[in-house]
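Trainee: My structure file data_5.cif, mmCIF, C-alpha atoms, pLDDT in the B column; chains and numbers go by the auth columns, is below:
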```
data_work
#
loop_
_atom_site.group_PDB
_atom_site.id
_atom_site.type_symbol
_atom_site.label_atom_id
_atom_site.label_comp_id
_atom_site.label_asym_id
_atom_site.label_seq_id
_atom_site.Cartn_x
_atom_site.Cartn_y
_atom_site.Cartn_z
_atom_site.B_iso_or_equiv
_atom_site.auth_seq_id
_atom_site.auth_asym_id
ATOM 1 C CA MET A 1 5.332 3.199 18.889 70.00 282 A
ATOM 2 C CA GLU A 2 4.800 5.281 15.795 82.00 283 A
ATOM 3 C CA ILE A 3 6.862 6.751 12.999 85.00 284 A
ATOM 4 C CA LYS A 4 8.104 10.163 14.096 88.00 285 A
ATOM 5 C CA PHE A 5 7.825 12.124 10.892 92.00 286 A
ATOM 6 C CA ARG A 6 9.715 15.365 10.717 93.00 287 A
ATOM 7 C CA HIS A 7 8.345 18.353 8.845 92.00 288 A
ATOM 8 C CA ASP A 8 11.540 20.328 8.255 94.00 289 A
ATOM 9 C CA VAL A 9 12.310 18.721 4.937 95.00 290 A
ATOM 10 C CA ASP A 10 15.354 20.846 4.086 95.00 291 A
ATOM 11 C CA SER A 11 16.956 19.960 7.419 96.00 292 A
ATOM 12 C CA VAL A 12 16.144 16.313 6.897 97.00 293 A
ATOM 13 C CA LEU A 13 17.805 16.365 3.476 97.00 294 A
ATOM 14 C CA GLU A 14 20.931 17.968 4.941 97.00 295 A
ATOM 15 C CA GLU A 15 21.014 15.464 7.780 97.00 296 A
ATOM 16 C CA ALA A 16 20.555 12.562 5.382 97.00 297 A
ATOM 17 C CA LYS A 17 23.636 13.656 3.495 96.00 298 A
ATOM 18 C CA LYS A 18 25.688 13.931 6.692 97.00 299 A
ATOM 19 C CA GLN A 19 24.482 10.574 8.040 96.00 300 A
ATOM 20 C CA ASN A 20 24.554 8.908 4.615 95.00 301 A
ATOM 21 C CA LYS A 21 21.031 7.670 5.342 95.00 302 A
ATOM 22 C CA PRO A 22 18.060 7.527 2.917 96.00 303 A
ATOM 23 C CA VAL A 23 14.941 9.642 3.433 97.00 304 A
ATOM 24 C CA LEU A 24 11.324 8.520 3.427 97.00 305 A
ATOM 25 C CA LEU A 25 9.310 11.502 2.188 97.00 306 A
ATOM 26 C CA ASP A 26 5.572 11.134 2.711 96.00 307 A
ATOM 27 C CA PHE A 27 3.155 13.432 0.881 96.00 308 A
ATOM 28 C CA SER A 28 0.027 13.038 2.947 92.00 309 A
ATOM 29 C CA ALA A 29 -3.517 14.261 3.406 90.00 310 A
ATOM 30 C CA ALA A 30 -4.240 11.982 6.342 80.00 311 A
ATOM 31 C CA PRO A 31 -5.941 13.499 9.415 74.00 312 A
ATOM 32 C CA MET A 32 -3.364 14.686 11.932 65.00 313 A
ATOM 33 C CA MET B 1 6.749 -1.212 9.912 84.00 85 B
ATOM 34 C CA VAL B 2 7.940 1.387 12.439 88.00 86 B
ATOM 35 C CA ARG B 3 11.188 -0.454 13.065 90.00 87 B
ATOM 36 C CA PHE B 4 11.883 -0.886 9.359 93.00 88 B
ATOM 37 C CA VAL B 5 11.314 2.815 8.672 93.00 89 B
ATOM 38 C CA ASN B 6 13.395 3.994 11.622 92.00 90 B
ATOM 39 C CA GLU B 7 16.270 1.646 10.832 92.00 91 B
ATOM 40 C CA ASN B 8 16.412 2.486 7.139 94.00 92 B
ATOM 41 C CA PHE B 9 15.265 6.076 6.721 95.00 93 B
ATOM 42 C CA ILE B 10 14.946 9.519 8.165 96.00 94 B
ATOM 43 C CA PRO B 11 11.156 9.964 7.855 96.00 95 B
ATOM 44 C CA ALA B 12 9.692 13.306 6.761 96.00 96 B
ATOM 45 C CA ARG B 13 6.123 14.261 5.981 95.00 97 B
ATOM 46 C CA VAL B 14 4.637 17.057 3.897 95.00 98 B
ATOM 47 C CA HIS B 15 0.945 17.536 4.631 94.00 99 B
ATOM 48 C CA VAL B 16 -1.217 18.976 1.871 91.00 100 B
ATOM 49 C CA LYS B 17 -3.595 20.778 4.236 91.00 101 B
ATOM 50 C CA GLN B 18 -1.379 21.572 7.204 91.00 102 B
ATOM 51 C CA ASP B 19 1.441 23.010 5.110 92.00 103 B
ATOM 52 C CA PRO B 20 0.246 23.778 1.579 92.00 104 B
ATOM 53 C CA GLU B 21 3.330 25.901 0.782 93.00 105 B
ATOM 54 C CA ALA B 22 5.667 23.027 1.581 93.00 106 B
ATOM 55 C CA PHE B 23 3.402 20.687 -0.361 93.00 107 B
ATOM 56 C CA LYS B 24 3.654 22.963 -3.399 94.00 108 B
ATOM 57 C CA LYS B 25 7.424 23.379 -3.045 95.00 109 B
ATOM 58 C CA TYR B 26 8.336 19.735 -2.592 94.00 110 B
ATOM 59 C CA GLY B 27 5.482 18.455 -4.711 95.00 111 B
ATOM 60 C CA GLU B 28 6.906 20.357 -7.672 95.00 112 B
ATOM 61 C CA LYS B 29 10.473 19.394 -6.838 95.00 113 B
ATOM 62 C CA TYR B 30 9.631 15.688 -6.667 95.00 114 B
ATOM 63 C CA ASN B 31 6.711 15.634 -9.089 95.00 115 B
ATOM 64 C CA ALA B 32 4.286 14.487 -6.406 94.00 116 B
ATOM 65 C CA HIS B 33 0.794 15.772 -7.096 89.00 117 B
ATOM 66 C CA TRP B 34 -1.349 13.215 -5.336 91.00 118 B
ATOM 67 C CA THR B 35 -1.648 11.775 -1.848 93.00 119 B
ATOM 68 C CA PRO B 36 -0.565 9.485 -0.510 94.00 120 B
ATOM 69 C CA THR B 37 2.717 9.539 -2.386 96.00 121 B
ATOM 70 C CA VAL B 38 5.717 8.112 -0.580 96.00 122 B
ATOM 71 C CA LEU B 39 9.189 8.642 -1.969 97.00 123 B
ATOM 72 C CA GLU B 40 12.382 6.904 -1.012 96.00 124 B
ATOM 73 C CA LEU B 41 15.293 9.295 -1.505 96.00 125 B
ATOM 74 C CA ASP B 42 18.962 8.394 -1.406 94.00 126 B
ATOM 75 C CA PRO B 43 21.215 10.323 0.998 94.00 127 B
ATOM 76 C CA ASN B 44 21.746 12.950 -1.706 94.00 128 B
ATOM 77 C CA GLY B 45 18.008 13.571 -1.997 95.00 129 B
ATOM 78 C CA GLU B 46 17.608 11.773 -5.314 94.00 130 B
ATOM 79 C CA GLU B 47 14.446 9.716 -5.705 94.00 131 B
ATOM 80 C CA PHE B 48 15.021 6.016 -6.192 91.00 132 B
ATOM 81 C CA TYR B 49 11.553 4.634 -5.528 93.00 133 B
ATOM 82 C CA ARG B 50 7.961 5.802 -5.156 94.00 134 B
ATOM 83 C CA ALA B 51 4.705 4.304 -3.972 92.00 135 B
ATOM 84 C CA GLU B 52 1.487 6.095 -4.900 93.00 136 B
ATOM 85 C CA GLY B 53 -1.966 5.422 -3.495 91.00 137 B
ATOM 86 C CA PHE B 54 -3.168 3.808 -0.305 91.00 138 B
ATOM 87 C CA LEU B 55 -2.166 0.234 0.493 91.00 139 B
ATOM 88 C CA PRO B 56 -2.936 -2.047 3.455 91.00 140 B
ATOM 89 C CA VAL B 57 -0.088 -2.170 5.982 91.00 141 B
ATOM 90 C CA GLU B 58 1.468 -5.436 4.800 94.00 142 B
ATOM 91 C CA ASP B 59 1.505 -4.378 1.146 95.00 143 B
ATOM 92 C CA PHE B 60 2.808 -0.945 2.029 93.00 144 B
ATOM 93 C CA LEU B 61 5.648 -2.386 4.092 95.00 145 B
ATOM 94 C CA ALA B 62 6.495 -4.755 1.236 96.00 146 B
ATOM 95 C CA GLN B 63 6.647 -1.784 -1.147 95.00 147 B
ATOM 96 C CA LEU B 64 8.992 0.080 1.185 95.00 148 B
ATOM 97 C CA MET B 65 11.220 -2.993 1.550 96.00 149 B
ATOM 98 C CA LEU B 66 11.209 -3.487 -2.208 97.00 150 B
ATOM 99 C CA GLY B 67 12.197 0.133 -2.755 95.00 151 B
ATOM 100 C CA ARG B 68 15.044 -0.088 -0.265 96.00 152 B
ATOM 101 C CA ALA B 69 16.298 -3.215 -2.043 97.00 153 B
ATOM 102 C CA HIS B 70 16.150 -1.379 -5.369 95.00 154 B
ATOM 103 C CA MET B 71 18.401 1.316 -3.940 94.00 155 B
ATOM 104 C CA ASP B 72 21.112 -1.253 -3.209 95.00 156 B
ATOM 105 C CA PHE B 73 20.550 -2.791 -6.640 96.00 157 B
ATOM 106 C CA LYS B 74 20.981 0.556 -8.402 93.00 158 B
ATOM 107 C CA LYS B 75 24.209 1.126 -6.466 93.00 159 B
ATOM 108 C CA GLY B 76 25.540 -2.267 -7.598 96.00 160 B
ATOM 109 C CA LYS B 77 25.394 -3.776 -4.104 97.00 161 B
ATOM 110 C CA TRP B 78 24.187 -7.088 -5.505 97.00 162 B
ATOM 111 C CA ASP B 79 24.548 -9.269 -2.388 97.00 163 B
ATOM 112 C CA GLU B 80 22.811 -6.757 -0.159 97.00 164 B
ATOM 113 C CA ALA B 81 20.098 -6.204 -2.751 98.00 165 B
ATOM 114 C CA GLU B 82 19.456 -9.939 -3.090 98.00 166 B
ATOM 115 C CA LYS B 83 19.171 -10.291 0.680 98.00 167 B
ATOM 116 C CA ARG B 84 16.697 -7.425 0.865 98.00 168 B
ATOM 117 C CA PHE B 85 14.605 -8.686 -2.081 98.00 169 B
ATOM 118 C CA ARG B 86 14.439 -12.156 -0.510 98.00 170 B
ATOM 119 C CA GLU B 87 13.291 -10.677 2.783 97.00 171 B
ATOM 120 C CA VAL B 88 10.251 -9.224 1.008 98.00 172 B
ATOM 121 C CA TYR B 89 8.825 -12.535 -0.199 97.00 173 B
ATOM 122 C CA GLU B 90 10.038 -14.568 2.768 97.00 174 B
ATOM 123 C CA LYS B 91 8.561 -12.233 5.382 97.00 175 B
ATOM 124 C CA LEU B 92 5.536 -11.023 3.377 97.00 176 B
ATOM 125 C CA PRO B 93 4.792 -13.812 0.880 97.00 177 B
ATOM 126 C CA ASN B 94 1.216 -12.689 0.262 96.00 178 B
ATOM 127 C CA ALA B 95 2.028 -9.060 -0.491 96.00 179 B
ATOM 128 C CA ASP B 96 1.589 -7.778 -4.030 94.00 180 B
ATOM 129 C CA ALA B 97 5.281 -6.855 -4.169 96.00 181 B
ATOM 130 C CA ALA B 98 6.430 -10.407 -3.383 98.00 182 B
ATOM 131 C CA ALA B 99 6.504 -11.621 -6.988 98.00 183 B
ATOM 132 C CA GLU B 100 8.519 -8.618 -8.113 98.00 184 B
ATOM 133 C CA ALA B 101 10.914 -9.220 -5.221 98.00 185 B
ATOM 134 C CA LEU B 102 11.420 -12.845 -6.286 98.00 186 B
ATOM 135 C CA TYR B 103 12.255 -11.679 -9.809 98.00 187 B
ATOM 136 C CA TRP B 104 14.789 -9.085 -8.702 98.00 188 B
ATOM 137 C CA ALA B 105 16.358 -11.408 -6.129 98.00 189 B
ATOM 138 C CA GLY B 106 17.198 -13.709 -9.009 97.00 190 B
ATOM 139 C CA VAL B 107 18.585 -10.859 -11.086 98.00 191 B
ATOM 140 C CA SER B 108 20.688 -9.668 -8.138 98.00 192 B
ATOM 141 C CA ARG B 109 22.136 -13.138 -7.660 97.00 193 B
ATOM 142 C CA TYR B 110 22.927 -13.349 -11.368 97.00 194 B
ATOM 143 C CA LYS B 111 24.649 -9.951 -11.219 97.00 195 B
ATOM 144 C CA ALA B 112 26.653 -10.968 -8.145 96.00 196 B
ATOM 145 C CA LYS B 113 27.826 -14.335 -9.474 92.00 197 B
ATOM 146 C CA ASN B 114 27.585 -13.776 -13.241 91.00 198 B
ATOM 147 C CA ASP B 115 25.964 -17.193 -13.251 90.00 199 B
ATOM 148 C CA SER B 116 22.915 -17.752 -15.447 92.00 200 B
ATOM 149 C CA SER B 117 21.789 -20.672 -13.287 95.00 201 B
ATOM 150 C CA ALA B 118 20.475 -18.048 -10.858 96.00 202 B
ATOM 151 C CA LEU B 119 18.005 -16.945 -13.521 97.00 203 B
ATOM 152 C CA LYS B 120 16.979 -20.517 -14.341 97.00 204 B
ATOM 153 C CA GLU B 121 16.375 -21.216 -10.658 97.00 205 B
ATOM 154 C CA THR B 122 14.227 -18.113 -10.453 97.00 206 B
ATOM 155 C CA ALA B 123 12.174 -19.164 -13.481 97.00 207 B
ATOM 156 C CA ARG B 124 11.688 -22.578 -11.831 97.00 208 B
ATOM 157 C CA ALA B 125 10.611 -20.937 -8.579 97.00 209 B
ATOM 158 C CA PHE B 126 7.923 -19.019 -10.463 97.00 210 B
ATOM 159 C CA LYS B 127 6.358 -22.297 -11.576 96.00 211 B
ATOM 160 C CA THR B 128 5.315 -22.947 -7.974 95.00 212 B
ATOM 161 C CA ARG B 129 4.909 -19.372 -6.665 95.00 213 B
ATOM 162 C CA TYR B 130 3.207 -16.352 -8.173 97.00 214 B
ATOM 163 C CA ALA B 131 2.702 -18.273 -11.408 96.00 215 B
ATOM 164 C CA ASP B 132 -0.074 -15.922 -12.538 96.00 216 B
ATOM 165 C CA SER B 133 1.935 -12.755 -12.000 97.00 217 B
ATOM 166 C CA SER B 134 3.417 -10.620 -14.736 97.00 218 B
ATOM 167 C CA TRP B 135 6.804 -11.241 -13.106 97.00 219 B
ATOM 168 C CA ALA B 136 6.438 -14.967 -13.772 97.00 220 B
ATOM 169 C CA LYS B 137 5.890 -14.125 -17.444 97.00 221 B
ATOM 170 C CA LYS B 138 9.011 -11.967 -17.452 97.00 222 B
ATOM 171 C CA ALA B 139 11.064 -14.737 -15.837 97.00 223 B
ATOM 172 C CA ALA B 140 9.711 -17.434 -18.155 96.00 224 B
ATOM 173 C CA ILE B 141 12.314 -16.613 -20.797 96.00 225 B
ATOM 174 C CA TRP B 142 15.055 -17.777 -18.418 96.00 226 B
ATOM 175 C CA SER B 143 13.788 -21.360 -18.160 88.00 227 B
#
```
Would you mind writing the file out in structure tokens?

Mentor:
Amino acid sequence: MEIKFRHDVDSVLEEAKKQNKPVLLDFSAAPM
Amino acid sequence: MVRFVNENFIPARVHVKQDPEAFKKYGEKYNAHWTPTVLELDPNGEEFYRAEGFLPVEDFLAQLMLGRAHMDFKKGKWDEAEKRFREVYEKLPNADAAAEALYWAGVSRYKAKNDSSALKETARAFKTRYADSSWAKKAAIWS
């Protein structure tokens, strides 16, 4: 099981507002 | 780690190499110019906590838990904040963030009860745990 990061940040921010849920925003350079 | 993130956040990633335009856009918006930088944003997109630089898993999880507790603290949810701060040092007592969590758990309890004995108890607790930490020095004034 792994963290399923999303990449559509604007959509995530909108969804967070609707769900009243915080966002974890990871700025990464890790190999994908 | 995965459970904590999924239960508490909607996770999003901006990759510096895979999506440099997004990295520039959100890096400027959130003043993030180095990786790894992990931000905890409230539901309105306002930053309430950040962790910069690589950490081992246990320390990283403790940082995330600490940040989530700080969000409740900043919203005045003292009981919930205290519970979350305590979880940091009870579940991850050897993490770097544990001493800070002990400090803020005491402050949260004081805020909730308006009872200074919560601060004295915290100062006493620092005599046996994390005594060499800067947080112990900060709490020393309460004893």

Trainee: Using only C-alpha atoms, find each residue in chain B having at least one atom no more than 10 Å away from chain A; report its shortest atom-to-atom pair and that distance in Å (one decimal), rows by chain then rising number, as CSV.

Mentor:
```
residue,atom,partner,partner_atom,distance
B:Met85,CA,A:Ile284,CA,8.5
B:Val86,CA,A:Ile284,CA,5.5
B:Arg87,CA,A:Ile284,CA,8.4
B:Phe88,CA,A:Ile284,CA,9.8
B:Val89,CA,A:Ile284,CA,7.4
B:Asn90,CA,A:Ile284,CA,7.2
B:Glu91,CA,A:Lys302,CA,9.4
B:Asn92,CA,A:Pro303,CA,6.8
B:Phe93,CA,A:Val304,CA,4.9
B:Ile94,CA,A:Val304,CA,4.7
B:Pro95,CA,A:Leu305,CA,4.7
B:Ala96,CA,A:Arg287,CA,4.5
B:Arg97,CA,A:Asp307,CA,4.6
B:Val98,CA,A:Phe308,CA,4.9
B:His99,CA,A:Ser309,CA,4.9
B:Val100,CA,A:Ala310,CA,5.5
B:Lys101,CA,A:Ala310,CA,6.6
B:Gln102,CA,A:Ala310,CA,8.5
B:Asp103,CA,A:His288,CA,9.1
B:Ala106,CA,A:Val290,CA,8.6
B:Phe107,CA,A:Phe308,CA,7.4
B:Tyr110,CA,A:Val290,CA,8.6
B:Gly111,CA,A:Phe308,CA,7.9
B:Tyr114,CA,A:Leu306,CA,9.8
B:Ala116,CA,A:Phe308,CA,7.4
B:His117,CA,A:Phe308,CA,8.6
B:Trp118,CA,A:Phe308,CA,7.7
B:Thr119,CA,A:Ser309,CA,5.2
B:Pro120,CA,A:Ser309,CA,5.0
B:Thr121,CA,A:Phe308,CA,5.1
B:Val122,CA,A:Asp307,CA,4.5
B:Leu123,CA,A:Leu306,CA,5.0
B:Glu124,CA,A:Leu305,CA,4.8
B:Leu125,CA,A:Val304,CA,5.0
B:Asp126,CA,A:Pro303,CA,4.5
B:Pro127,CA,A:Pro303,CA,4.6
B:Asn128,CA,A:Lys298,CA,5.6
B:Gly129,CA,A:Leu294,CA,6.1
B:Glu130,CA,A:Pro303,CA,9.3
B:Glu131,CA,A:Val304,CA,9.2
B:Phe132,CA,A:Pro303,CA,9.7
B:Tyr133,CA,A:Leu305,CA,9.8
B:Arg134,CA,A:Leu306,CA,9.4
B:Ala135,CA,A:Asp307,CA,9.6
B:Glu136,CA,A:Phe308,CA,9.5
B:Leu148,CA,A:Leu305,CA,9.0
B:Arg152,CA,A:Pro303,CA,8.8
B:Met155,CA,A:Pro303,CA,9.3
```

Trainee: Between atom CA of Thr206 of chain B and atom CA of Trp226 of chain B, what is the spacing in Å?

Mentor: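 For atom CA of Trp226 of chain B relative to atom CA of Thr206 of chain B, the distance reads 8.0 Å.
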
Trainee: Hey, can you check how far atom CA of Lys221 of chain B sits from atom CA of Tyr194 of chain B?

Mentor: 18.1 Å

Trainee: Please indicate the distance in Å from atom CA of Glu164 of chain B to atom CA of Lys195 of chain B, rounded to one decimal place.

Mentor: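 So the answer is 11.7 Å.
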